[in-house]
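Read the structure below first, then the notes.
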Amino acid sequence: MEDGYQNRTAFIKGAKDIAKEVKRQASKKVGRSVDRVSDEYSKRSYNRFEEDDDDDYPTQGSQDGGYYRGDSQAANDDEGGHSDSTEGHDEDDEIYEGEYQGIPRADSGKGSLAGGPGSVGAGAQQFRDIGVSEAERRKDQEELAQQYETILQECGHGKFQWTLYFVLGLALMADGVEIFVVGFVLPSAEKDMCLSEPNKSMLGLIVYFGMMVGAFLWGAMADRIGRRQSLLISLSINSVFSFFSSFVQGYSTFLFCRLLSGVGIGGSIPIVFSYYSEFLSQEKRGEHLSWLCMFWMIGGIYASAMAWAIIPHYGWSFQMGSAYQFHSWRVFVLVCAFPSVAAIAALSAMPESPRFYLENGKHDEGWMILKQVHDTNMRAKGYPEKVFSVTTIKTVKQMDELVDTGTDTPVWQRYRLKIMSLSQQILYLYFAFMCFNFPEYKRTTFMLMAVWFTMSFSYYGLTVWFPDMIKYIQKQEYESRTKTFTKERVEHVTFNFTLENQVHREGYYFNDKFLNLKMKSMVFEDSVFEECYFEDITSIHTVFKNCTFIASLFYNTDLFKYRFVNCKLANSTFLHNKEGCMLDFSDDFNNAYMIYFVNFLGTLAVLPGNIVSALLMDKIGRLRMLAGSSVISCISCFFLMFGNSESGMIALLCLFGGISIASWNALDVITVELYPSDKRTTAFGFLNALCKLAAVLGISIFQSFVGITKAVPILFASGALAAGSFLATKLPETRGQVLQ
C-alpha cells in the first residue's frame with residue numbers, strides 16, 4: 001500500500017514537471033492553442049493514474065464513465081445513503097478526489113503516455129475525447145431526468161412544496177411591487193425633487209434597465225452557484241437599496257438606488273420559476289407554476305393598497321431644516337421593501353434545489369434534500385413510518401476542473417482566481433447561448449425570443465399607455481370647465497381664496513392684495529399689475545404671459561422666474577422666496593386616488609385569468625393556452641377604439657389584463673420546461689432581460705402617442721400579439737414531459 005502511494009505521488013510530480021516542460025517548448029512552436037493541449041495532458045495524466053490505481057485506493061464509484069454511486073456500492077453503504085466520496089481516505093493523503101477530479105474519460109485506463117505529449121495529433125485526440133465526455137454527460141443528464149421524475153413521484157406533493165410555494169411567492173411578490181413603486185411615487189417625487197420631464201421619464205424607466213441587467217446576471221449565476229444562494233444575494237441587494245432609496249434626498253442618488261434595487265429584483269423571476277419547478281413532478285408542474293404567478297398579482301395589489309393608504313397623508317412626514325425632508329411617499333418606498341425582506345428570512349430556512357446538486361455531481365447533498373422532501377410530506381399525510389426507498393441517484397459527469405492554487409497562494413489571490421473563473425464561465429454561457437453554440441436549442445430560442453419580445457412590447461406598452469390615456473381624458477374634461485375672463489378691471493380688492501382653472505386676458509389690477517392663497521391652473525395673459533402685493537402664494541400649473549408688473553411686491557411665494565413668460569417687471573421686488581418645489585397632496589387628492597384605484601383594479605382583474613390558466617394548464621397544454629390567450633388579447637385590443645370615457649378605459653384595461661395573464665403563465669412554464677437544468681436559469685434570465693428591453697421600447701413608443709392618436713398604439717399592440725401568437729404555435733409542446 002505504501003509503495004503504491006509513493007509511486008502514485010512520484011508519478012503525479014513527474015507528470016506535472018513534464019507538463020511544464022511541454023508547455024514551455026510547445027508555446028514557442030504553435031502558440032497558445034498547444035498550451036491548452038498540454039494542460040489537458042497534465043490533467044488527463046493524473047486522471048489516468050487514478051483510474052488505473054482503483055485497486056489500491058478507494059475512489060468514487062464509476063460506471064459507464066460517469067461519477068455516481070453504483071449498485072455494488074449501495075449494498076455496502078450505511079442506511080444513511082452516504083457516498084464513497086466522503087470516506088475511505090488516509091489521513092496523510094495529499095490529493096483528494098473532492099479537490100481534483102480531472103476530465104472523466106471512459107477509455108482513460110487504456111491511454112498511454114507514448115507518442116509525445118506535445119504533439120498536435122495527441123492534442124487533437126484529447127479534444128476529441130472531450131467531445132466524447134460531453135456526449136456521456138448528456139447521456140447522464142437524460143438518465144438523471146428519468147430517475148429524478150420517479151423520485152419526485154415517490155416524494156409526493158404536500159407540505160414541503162406548499163411551504164416552498166409561499167416562500168418563493170414572497171420573492172415573486174417583491175418583483176410585482178418593484179414594477180409599481182416608481183409609478184406611484186413619481187407624482188410626489190417630481191415635486192419634492194423638482195424634476196424636469198426628461199428626469200421623470202428616466203426615473204420611470206430606470207427600474208426596467210436594472211431588472212434587465214439583474215435577469216441577465218442572476219440567471220447565469222443560479223446555474224453556477226445554485227438557485228437558493230443566487231436568489232438570497234439578489235433579494236438582499238434589492239432590500240438594501242430599496243431601504244437607501246427611501247432616505248436619499250438628491251435625484252441622482254435616488255435614481256442610482258432604484259437602478260441597483262432593480263438589478264437585485266431582476267433575478268427573482270428566472271430563479272423562482274426554475275427553483276420551484278425542480279420540486280414538482282410532471283403532472284403537477286404546469287398547474288402549480290401557474291398558481292405561483294398569483295403572487296405577482298398580490299404584489300401589485302399590495303403596492304396599490306399601500307400607496308392608497310400612505311402617500312396622500314402629508315402629515316406622515318418630518319424634516320430637519322430645509323436640507324432634509326422625509327415625506328409620506330418615502331414611507332411608501334420603505335414599506336415596499338418588506339416583501340423582499342420577508343422572502344430573505346423565509347428562504348434562509350429552505351434547502352437548495354436537489355436537482356442542482358445532482359447536476360453538479362453532489363450526490364449526498366441532493367439525496368439528503370430529497371429525503372427531507374419525502375419525510376416532510378409523509379409526516380404531514382400521516383405516514384411517518386414510510387421510508388425513503390431511494391439509495392442511489394444518478395449524478396452527472398463534470399467537465400469543470402478544480403485547480404489547486406497551492407497552499408502558499410494568498411487568500412485574496414485565491415478568491416480573485418475563483419471570481420475570475422466564475423465570470424469567465426458566465427460569459428461563456430451567454431456567449432454560447434447568444435451565438436447558438438447549443439444547436440439543439442437554436443430554433444427553440446429564436447421562437448421564444450420572438451414570443452417574449454412581442455408579448456412584453458405590447459403588454460407593458462399598453463399597461464402604461466392606459467393610465468396615461470386616462471390622465472389625458474381627465475385633463476381634457478378639466479380643461480372643458482375652464483373659465484375665461486377678458487378685459488376685467490379690479491382695484492383695491494383682497495384675494496384670500498383659491499383661484500383655480502381660470503384664464504384672465506387683458507386685465508388691469510391696481511392696488512390688489514393676493515394673500516395666503518393657492519393658484520392652480522391659472523393663466524394670466526397680457527395683463528397689468530400695478531402696486532399689487534403677493535404674500536404666501538402656492539402655485540401649481542400657473543403662468544403669467546406677456547404681463548407687466550409695476551411697483552409690486554412678492555413676499556414668501558413660489559412664483560419663480562420660469563412662471564413669468566415674456567413679462568416686464570418695473571420697480572418690483574421679490575423677498576424670501578420659497579425654496580425648492582412645494583409638495584402639497586391636497587391639490588391632487590382625486591387624481592392620486594384614481595391612479596391607485598385604476599392600478600388596483602387592473603391588477604385584481606388578472607385573478608380570473610390566473611385561476612383559469614392554473615386549472616387548464618395541464619389539461620389543454622401549454623401551447624394552446626399561450627396561443628389562444630394571445631389571440632384573444634389581440635382581438636381585445638381593437639375594442640380600445642371605443643374607449644372614449646374614463647370608465648370605458650378602465651374596463652378595457654381590466655379585460656386586457658385578465659386575458660393576457662394566461663399567456664404569461666403559459667410562457668413561463670414553457671420556458672422552464674424547454675431547457676435542461678444546467679442551462680435553465682441562464683436561458684430564462686436571457687429571455688427575461690430581452691423582455692425588459694422590449695418593455696422599455698414599448699413604453700417609450702406608446703407614451704409618445706398619448707393625446708395624438710389611439711390608432712398607432714393599438715395597431716402596434718395588435719400586430720405584436722398576432723405575430724407572437726403565430727410564433728407560439730411553432731414551439732414544442734412540453735406537457736407530460738420530464739424536466740430535462
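Just so we're on the same page: first chain in the C-alpha cells is A, next is B, and so on; residues restart at 1 for each chain, and ligands are numbered from 1 in the order they show up.
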
(request) May I have the residues within 12 Å of Ile470 of chain A as number ranges by chain, using only C-alpha atoms and disregarding those fewer than 4 positions away in the same chain? (result) A: 463-466, 474-477, 591, 594-595, 598-599, 643-653, 706-707

(request) Would you kindly return, as a list in words, each protein, DNA or RNA residue with an atom no farther than 6 Å from any atom of Cys532 of chain A, considering only C-alpha atoms and excluding same-chain residues fewer than 2 positions away? (result)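 Returned residues: Asn511, Asp512, Lys513, Glu530 and Ser552 of chain A.
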
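Comparing the minimum interatomic distances between Phe686 of chain A and each of A:Leu203, A:Val177, A:Met449, A:Leu334, counting only C-alpha atoms, we find that A:Met449 sits nearest.
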
(message) I need the residue nearest Val503 of chain A from this list: A:Leu604, A:Val543, A:Leu687, A:Leu727. Use only C-alpha atoms for the distance.
(response)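 Of A:Leu604, A:Val543, A:Leu687, A:Leu727, the one nearest Val503 of chain A, counting only C-alpha atoms, is A:Val543.
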
(request) Kindly indicate which residue among A:Ser268, A:Thr542, A:Ser389, A:Thr395 lies nearest to Asn360 of chain A, using only C-alpha atoms for the distances. (result)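 Ranked by minimum distance to Asn360 of chain A, first place goes to A:Thr395.
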
(request) Considering only C-alpha atoms, return as a list in words whatever protein or nucleic-acid residues lie within 12 Å of Asp558 of chain A, sequence-local ones (same chain, fewer than 4 positions apart) excluded. (result) Asn516, Leu517, Lys518, Met519, Phe534, Glu535, Asp536, Ile537, Thr538, Ser539, Ile540, His541, Thr542, Val543, Phe554, Tyr562, Arg563, Phe564, Phe574, Leu575, His576, Asn577, Lys578, Glu579, Gly580, Cys581, Met582 and Leu583 of chain A

Please provide as an mmCIF file with N, CA, C and O atoms, in the first residue's frame all residues within 8 Å of Val207 of chain A, with the sequence filter that same-chain residues fewer than 6 positions apart are discarded (counting only C-alpha atoms).
data_model
loop_
_atom_site.group_PDB
_atom_site.id
_atom_site.type_symbol
_atom_site.label_atom_id
_atom_site.label_comp_id
_atom_site.auth_asym_id
_atom_site.auth_seq_id
_atom_site.Cartn_x
_atom_site.Cartn_y
_atom_site.Cartn_z
ATOM 1 N N GLU A 178 -42.010 46.004 -7.164
ATOM 2 C CA GLU A 178 -40.976 46.854 -7.759
ATOM 3 C C GLU A 178 -41.464 47.543 -9.027
ATOM 4 O O GLU A 178 -41.089 48.698 -9.305
ATOM 5 N N ILE A 179 -42.292 46.862 -9.813
ATOM 6 C CA ILE A 179 -42.791 47.432 -11.062
ATOM 7 C C ILE A 179 -43.618 48.695 -10.800
ATOM 8 O O ILE A 179 -43.581 49.660 -11.573
ATOM 9 N N VAL A 182 -42.109 53.104 -8.562
ATOM 10 C CA VAL A 182 -41.736 54.397 -9.133
ATOM 11 C C VAL A 182 -42.949 55.088 -9.745
ATOM 12 O O VAL A 182 -43.122 56.306 -9.606
ATOM 13 N N ARG A 258 -32.522 53.195 -7.074
ATOM 14 C CA ARG A 258 -33.600 52.453 -7.749
ATOM 15 C C ARG A 258 -33.042 51.561 -8.852
ATOM 16 O O ARG A 258 -33.573 50.476 -9.125
ATOM 17 N N LEU A 259 -31.971 51.990 -9.492
ATOM 18 C CA LEU A 259 -31.330 51.150 -10.508
ATOM 19 C C LEU A 259 -30.799 49.870 -9.887
ATOM 20 O O LEU A 259 -31.062 48.766 -10.385
ATOM 21 N N SER A 261 -31.612 48.602 -7.011
ATOM 22 C CA SER A 261 -32.743 47.836 -6.496
ATOM 23 C C SER A 261 -33.356 46.984 -7.599
ATOM 24 O O SER A 261 -33.714 45.821 -7.381
ATOM 25 N N GLY A 262 -33.466 47.548 -8.802
ATOM 26 C CA GLY A 262 -33.955 46.777 -9.936
ATOM 27 C C GLY A 262 -33.016 45.662 -10.337
ATOM 28 O O GLY A 262 -33.460 44.573 -10.725
ATOM 29 N N VAL A 263 -31.704 45.916 -10.259
ATOM 30 C CA VAL A 263 -30.732 44.857 -10.554
ATOM 31 C C VAL A 263 -30.932 43.680 -9.610
ATOM 32 O O VAL A 263 -30.877 42.513 -10.016
#

(message) What parts of segment 457-673 of chain A does DSSP call alpha helix (DSSP H)? I'd like the answer as number ranges by chain.
(response) A: 457-479, 589-604, 606-620, 622-637, 646-673

(request) Can you work out the spacing between atom CA of Met617 of chain A and atom CA of Asn377 of chain A in Å, to one decimal? (result)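 Result for atom CA of Met617 of chain A versus atom CA of Asn377 of chain A: 24.3 Å, one decimal.
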
(request) With a distance cut-off of 6 Å and only C-alpha atoms, select the neighbouring residues of segment 145-156 of chain A, excluding the residue or stretch itself and same-chain residues fewer than 4 positions from it, and output the selection as a list in words. (result)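 Result of the neighbour search: Ser281, His374 and Gln740 of chain A.
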
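Separating atom CA of Asn688 of chain A from atom CA of Phe216 of chain A is a distance of 7.6 Å.
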
(message) Report, in Å with one decimal, the straight-line distance from atom CA of Ile311 of chain A to atom CA of Ala189 of chain A.
(response) 10.7 Å

(request) Taking the chain letters and numbering used in this document, name the residues of segment 543-637 of chain A that DSSP puts in strand (DSSP E), as a list of chain:residue names. (result)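 The strand (DSSP E) subset of segment 543-637 of chain A is A:Val543, A:Phe544, A:Lys545, A:Thr548, A:Phe549, A:Ile550, A:Leu553, A:Phe554, A:Tyr555, A:Asn556, A:Thr557, A:Phe564, A:Val565, A:Lys568, A:Leu569, A:Ala570, A:Thr573, A:Phe574, A:Leu575.
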
Can I get the selection written as a compact mmCIF listing (two decimals), in the first residue's frame, with N, CA and C atoms?
# COMPACT_ATOMS: atom_id res chain seq x y z
N VAL A 543 -49.10 80.33 -14.73
CA VAL A 543 -48.13 81.04 -15.56
C VAL A 543 -48.67 82.44 -15.89
N PHE A 544 -47.73 83.39 -16.00
CA PHE A 544 -48.03 84.76 -16.43
C PHE A 544 -47.37 84.98 -17.79
N LYS A 545 -48.16 85.35 -18.80
CA LYS A 545 -47.65 85.52 -20.16
C LYS A 545 -47.84 86.97 -20.62
N THR A 548 -47.25 92.79 -17.32
CA THR A 548 -46.41 93.88 -16.83
C THR A 548 -46.68 94.08 -15.34
N PHE A 549 -45.59 94.12 -14.53
CA PHE A 549 -45.70 94.32 -13.09
C PHE A 549 -45.01 95.64 -12.74
N ILE A 550 -45.78 96.57 -12.11
CA ILE A 550 -45.26 97.89 -11.77
C ILE A 550 -45.36 98.08 -10.26
N LEU A 553 -44.85 93.88 -5.02
CA LEU A 553 -44.00 93.19 -4.05
C LEU A 553 -44.44 91.72 -3.93
N PHE A 554 -43.44 90.82 -3.99
CA PHE A 554 -43.68 89.38 -3.84
C PHE A 554 -42.96 88.92 -2.58
N TYR A 555 -43.74 88.43 -1.61
CA TYR A 555 -43.15 88.02 -0.33
C TYR A 555 -43.56 86.57 -0.02
N ASN A 556 -42.55 85.70 0.16
CA ASN A 556 -42.78 84.29 0.53
C ASN A 556 -43.72 83.59 -0.46
N THR A 557 -43.34 83.66 -1.72
CA THR A 557 -44.11 83.00 -2.77
C THR A 557 -43.23 81.99 -3.50
N PHE A 564 -42.91 83.42 -15.27
CA PHE A 564 -43.11 84.69 -15.96
C PHE A 564 -42.55 84.57 -17.37
N VAL A 565 -43.43 84.50 -18.34
CA VAL A 565 -43.03 84.31 -19.73
C VAL A 565 -43.19 85.64 -20.48
N LYS A 568 -42.64 91.95 -18.08
CA LYS A 568 -41.85 93.12 -17.72
C LYS A 568 -42.09 93.44 -16.25
N LEU A 569 -41.00 93.57 -15.49
CA LEU A 569 -41.10 93.88 -14.06
C LEU A 569 -40.39 95.20 -13.80
N ALA A 570 -41.18 96.22 -13.45
CA ALA A 570 -40.63 97.56 -13.20
C ALA A 570 -40.79 97.91 -11.73
N THR A 573 -40.24 93.84 -6.44
CA THR A 573 -39.28 93.21 -5.53
C THR A 573 -39.78 91.83 -5.11
N PHE A 574 -38.81 90.89 -5.01
CA PHE A 574 -39.09 89.53 -4.53
C PHE A 574 -38.33 89.34 -3.21
N LEU A 575 -39.06 89.01 -2.14
CA LEU A 575 -38.44 88.80 -0.82
C LEU A 575 -38.80 87.41 -0.29

(request) Extract, using only C-alpha atoms, all DNA, RNA and protein residues at most 12 Å from Phe160 of chain A, discarding same-chain residues fewer than 6 positions from it, and format them as a list in words. (result) Leu152, Phe166, Val167, Tyr276, Phe279, Leu280, Ala349, Met350, Pro351, Ile369, Leu370, Lys371, Gln372, Val373, His374, Asp375, Thr376, Asn377, Met378, Arg379, Ala380 and Lys381 of chain A

Write out as a PDB file with N, CA and C atoms, in the first residue's frame which residues come within 10 Å of Ala343 of chain A when counting only C-alpha atoms, dropping same-chain ones fewer than 5 positions away.
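out.pdb, freshly written:
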ATOM      1  N   PHE A 166     -45.121  29.346  -0.783  1.00  0.00           N
ATOM      2  CA  PHE A 166     -45.329  30.635  -0.136  1.00  0.00           C
ATOM      3  C   PHE A 166     -44.016  31.401   0.027  1.00  0.00           C
ATOM      4  N   VAL A 167     -42.916  30.681   0.247  1.00  0.00           N
ATOM      5  CA  VAL A 167     -41.620  31.353   0.385  1.00  0.00           C
ATOM      6  C   VAL A 167     -41.217  32.011  -0.930  1.00  0.00           C
ATOM      7  N   LEU A 168     -41.273  31.245  -2.025  1.00  0.00           N
ATOM      8  CA  LEU A 168     -40.911  31.800  -3.327  1.00  0.00           C
ATOM      9  C   LEU A 168     -41.950  32.810  -3.796  1.00  0.00           C
ATOM     10  N   GLY A 169     -43.185  32.644  -3.336  1.00  0.00           N
ATOM     11  CA  GLY A 169     -44.208  33.620  -3.671  1.00  0.00           C
ATOM     12  C   GLY A 169     -43.871  35.008  -3.154  1.00  0.00           C
ATOM     13  N   LEU A 170     -43.253  35.083  -1.984  1.00  0.00           N
ATOM     14  CA  LEU A 170     -42.829  36.375  -1.452  1.00  0.00           C
ATOM     15  C   LEU A 170     -41.791  37.036  -2.362  1.00  0.00           C
ATOM     16  N   ALA A 171     -40.871  36.228  -2.901  1.00  0.00           N
ATOM     17  CA  ALA A 171     -39.868  36.774  -3.827  1.00  0.00           C
ATOM     18  C   ALA A 171     -40.530  37.281  -5.102  1.00  0.00           C
ATOM     19  N   LEU A 172     -41.518  36.532  -5.605  1.00  0.00           N
ATOM     20  CA  LEU A 172     -42.230  36.968  -6.807  1.00  0.00           C
ATOM     21  C   LEU A 172     -43.096  38.190  -6.511  1.00  0.00           C
ATOM     22  N   MET A 173     -43.631  38.241  -5.316  1.00  0.00           N
ATOM     23  CA  MET A 173     -44.412  39.407  -4.885  1.00  0.00           C
ATOM     24  C   MET A 173     -43.529  40.656  -4.863  1.00  0.00           C
ATOM     25  N   ALA A 174     -42.294  40.519  -4.419  1.00  0.00           N
ATOM     26  CA  ALA A 174     -41.362  41.653  -4.401  1.00  0.00           C
ATOM     27  C   ALA A 174     -41.118  42.186  -5.807  1.00  0.00           C
ATOM     28  N   LEU A 231     -30.610  33.608  -5.349  1.00  0.00           N
ATOM     29  CA  LEU A 231     -31.828  34.340  -5.004  1.00  0.00           C
ATOM     30  C   LEU A 231     -31.649  35.128  -3.712  1.00  0.00           C
ATOM     31  N   LEU A 232     -30.966  34.552  -2.738  1.00  0.00           N
ATOM     32  CA  LEU A 232     -30.703  35.275  -1.495  1.00  0.00           C
ATOM     33  C   LEU A 232     -29.863  36.526  -1.744  1.00  0.00           C
ATOM     34  N   LEU A 235     -32.052  39.203  -3.712  1.00  0.00           N
ATOM     35  CA  LEU A 235     -33.058  39.834  -2.848  1.00  0.00           C
ATOM     36  C   LEU A 235     -32.413  40.740  -1.814  1.00  0.00           C
ATOM     37  N   SER A 236     -31.231  40.364  -1.337  1.00  0.00           N
ATOM     38  CA  SER A 236     -30.524  41.219  -0.372  1.00  0.00           C
ATOM     39  C   SER A 236     -30.139  42.554  -0.994  1.00  0.00           C
ATOM     40  N   PHE A 338     -40.641  45.505   2.314  1.00  0.00           N
ATOM     41  CA  PHE A 338     -40.973  44.444   3.258  1.00  0.00           C
ATOM     42  C   PHE A 338     -41.101  43.062   2.612  1.00  0.00           C
ATOM     43  N   SER A 348     -34.102  31.555   3.928  1.00  0.00           N
ATOM     44  CA  SER A 348     -32.944  31.086   4.693  1.00  0.00           C
ATOM     45  C   SER A 348     -33.197  29.716   5.321  1.00  0.00           C
TER      46      SER A 348
END
